[in-house]
$ cat final_20.cif   # mmCIF, C-alpha atoms
data_work
#
loop_
_atom_site.group_PDB
_atom_site.id
_atom_site.type_symbol
_atom_site.label_atom_id
_atom_site.label_comp_id
_atom_site.auth_asym_id
_atom_site.auth_seq_id
_atom_site.Cartn_x
_atom_site.Cartn_y
_atom_site.Cartn_z
ATOM 1 C CA MET A 12 186.519 3.179 -10.306
ATOM 2 C CA ASN A 13 183.086 1.516 -10.585
ATOM 3 C CA PHE A 14 184.577 -1.165 -12.805
ATOM 4 C CA ARG A 15 187.003 -2.149 -10.015
ATOM 5 C CA ILE A 16 184.131 -2.424 -7.535
ATOM 6 C CA VAL A 17 182.207 -4.684 -9.917
ATOM 7 C CA ILE A 18 185.245 -6.914 -10.488
ATOM 8 C CA MET A 19 185.939 -7.180 -6.750
ATOM 9 C CA SER A 20 182.290 -7.999 -6.039
ATOM 10 C CA VAL A 21 182.303 -10.791 -8.615
ATOM 11 C CA ALA A 22 185.579 -12.179 -7.233
ATOM 12 C CA MET A 23 184.263 -12.156 -3.669
ATOM 13 C CA ALA A 24 181.021 -13.847 -4.727
ATOM 14 C CA ALA A 25 182.998 -16.599 -6.494
ATOM 15 C CA ALA A 26 185.197 -17.094 -3.435
ATOM 16 C CA ALA A 27 182.149 -17.304 -1.161
ATOM 17 C CA GLY A 28 180.807 -20.195 -3.263
ATOM 18 C CA THR A 29 183.932 -22.249 -2.656
ATOM 19 C CA VAL A 30 183.801 -21.554 1.078
ATOM 20 C CA TRP A 31 180.292 -22.994 1.406
ATOM 21 C CA ALA A 32 181.071 -26.141 -0.571
ATOM 22 C CA LYS A 33 180.552 -29.398 1.333
ATOM 23 C CA LEU A 34 183.103 -32.156 1.635
ATOM 24 C CA PRO A 35 182.079 -35.715 0.821
ATOM 25 C CA PRO A 36 181.293 -37.925 3.825
ATOM 26 C CA PRO A 37 184.252 -39.942 5.141
ATOM 27 C CA SER A 38 184.557 -43.557 4.045
ATOM 28 C CA ASP A 39 184.156 -46.459 6.449
ATOM 29 C CA GLU A 40 187.926 -46.946 6.463
ATOM 30 C CA ALA A 41 188.489 -43.299 7.391
ATOM 31 C CA LYS A 42 185.875 -43.547 10.149
ATOM 32 C CA ALA A 43 187.573 -46.635 11.598
ATOM 33 C CA LYS A 44 190.972 -44.950 11.443
ATOM 34 C CA ALA A 45 189.587 -41.880 13.219
ATOM 35 C CA ALA A 46 187.989 -44.035 15.932
ATOM 36 C CA GLU A 47 191.283 -45.865 16.472
ATOM 37 C CA ALA A 48 193.183 -42.580 16.710
ATOM 38 C CA LYS A 49 190.626 -41.261 19.211
ATOM 39 C CA ALA A 50 190.982 -44.384 21.354
ATOM 40 C CA LYS A 51 194.769 -44.033 21.335
ATOM 41 C CA ALA A 52 194.511 -40.362 22.277
ATOM 42 C CA ASP A 53 192.106 -41.188 25.125
ATOM 43 C CA ASP A 54 194.472 -43.848 26.483
ATOM 44 C CA ALA A 55 197.428 -41.478 26.251
ATOM 45 C CA ALA A 56 195.477 -38.742 28.049
ATOM 46 C CA LYS A 57 194.518 -41.152 30.829
ATOM 47 C CA LYS A 58 198.133 -42.266 31.228
ATOM 48 C CA ASP A 59 199.332 -38.652 31.283
ATOM 49 C CA THR A 60 196.753 -37.781 33.941
ATOM 50 C CA GLU A 61 197.890 -40.648 36.153
ATOM 51 C CA GLN A 62 201.542 -39.634 35.760
ATOM 52 C CA LEU A 63 200.684 -36.022 36.577
ATOM 53 C CA GLY A 64 198.868 -37.107 39.739
ATOM 54 C CA LYS A 65 201.846 -39.203 40.852
ATOM 55 C CA ALA A 66 204.238 -36.306 40.193
ATOM 56 C CA GLN A 67 202.019 -33.907 42.154
ATOM 57 C CA ASP A 68 201.804 -36.345 45.066
ATOM 58 C CA LYS A 69 205.592 -36.717 45.037
ATOM 59 C CA ALA A 70 206.087 -32.937 44.964
ATOM 60 C CA ALA A 71 203.619 -32.430 47.815
ATOM 61 C CA ALA A 72 205.325 -35.143 49.888
ATOM 62 C CA ASN A 73 208.712 -33.538 49.257
ATOM 63 C CA TYR A 74 207.360 -30.133 50.276
ATOM 64 C CA ARG A 75 205.835 -31.542 53.467
ATOM 65 C CA LYS A 76 209.074 -33.373 54.305
ATOM 66 C CA ASN A 77 211.262 -30.299 53.792
ATOM 67 C CA LYS A 78 208.923 -27.941 55.666
ATOM 68 C CA GLY A 79 208.509 -30.332 58.572
ATOM 69 C CA ILE A 80 204.731 -30.568 58.216
ATOM 70 C CA LYS A 81 203.252 -33.595 59.953
ATOM 71 C CA GLY A 82 200.013 -35.332 59.180
ATOM 72 C CA SER A 83 198.529 -36.562 55.950
ATOM 73 C CA PRO A 84 197.137 -34.252 53.298
ATOM 74 C CA ALA A 85 193.408 -33.986 52.711
ATOM 75 C CA PRO A 86 192.188 -36.718 50.324
ATOM 76 C CA MET A 87 191.496 -35.649 46.784
ATOM 77 C CA ALA A 88 187.954 -35.861 45.436
ATOM 78 C CA SER A 89 189.087 -38.033 42.514
ATOM 79 C CA LYS A 90 190.618 -40.611 44.858
ATOM 80 C CA LYS A 91 187.327 -41.124 46.744
ATOM 81 C CA LYS A 92 185.835 -43.115 43.875
#
$ encode --input "final_20.cif" --output "structure tokens"
Amino acid sequence: MNFRIVIMSVAMAAAAGTVWAKLPPPSDEAKAKAAEAKAKADDAAKKDTEQLGKAQDKAAANYRKNKGIKGSPAPMASKKK
């Protein structure tokens, strides 16, 4: 029984060493590729946000039209910019 505990302890210590190993720093090419991917993701997120806002405005206008509510909705904080 003690032999199993010793073997398991050694195995866990060896596994812990591989967990704490450091990766090499990314190359300049990898950094540029990551920056380009981040820029694309930022542009896509901005586009998605604009489309979501338009869809929400359309849904709110449809709701107001069908419920017979008159008047304009309160301006959004993001549109005040």
$ atom_distance --input "final_20.cif" --atom1 "CA of Lys69 in chain A" --atom2 "CA of Asp54 in chain A"
22.8 Å
$ atom_distance --input "final_20.cif" --atom1 "CA of Ala50 in chain A" --atom2 "CA of Lys33 in chain A"
27.1 Å
$ atom_distance --input "final_20.cif" --atom1 "CA of Phe14 in chain A" --atom2 "CA of Gly28 in chain A"
21.6 Å
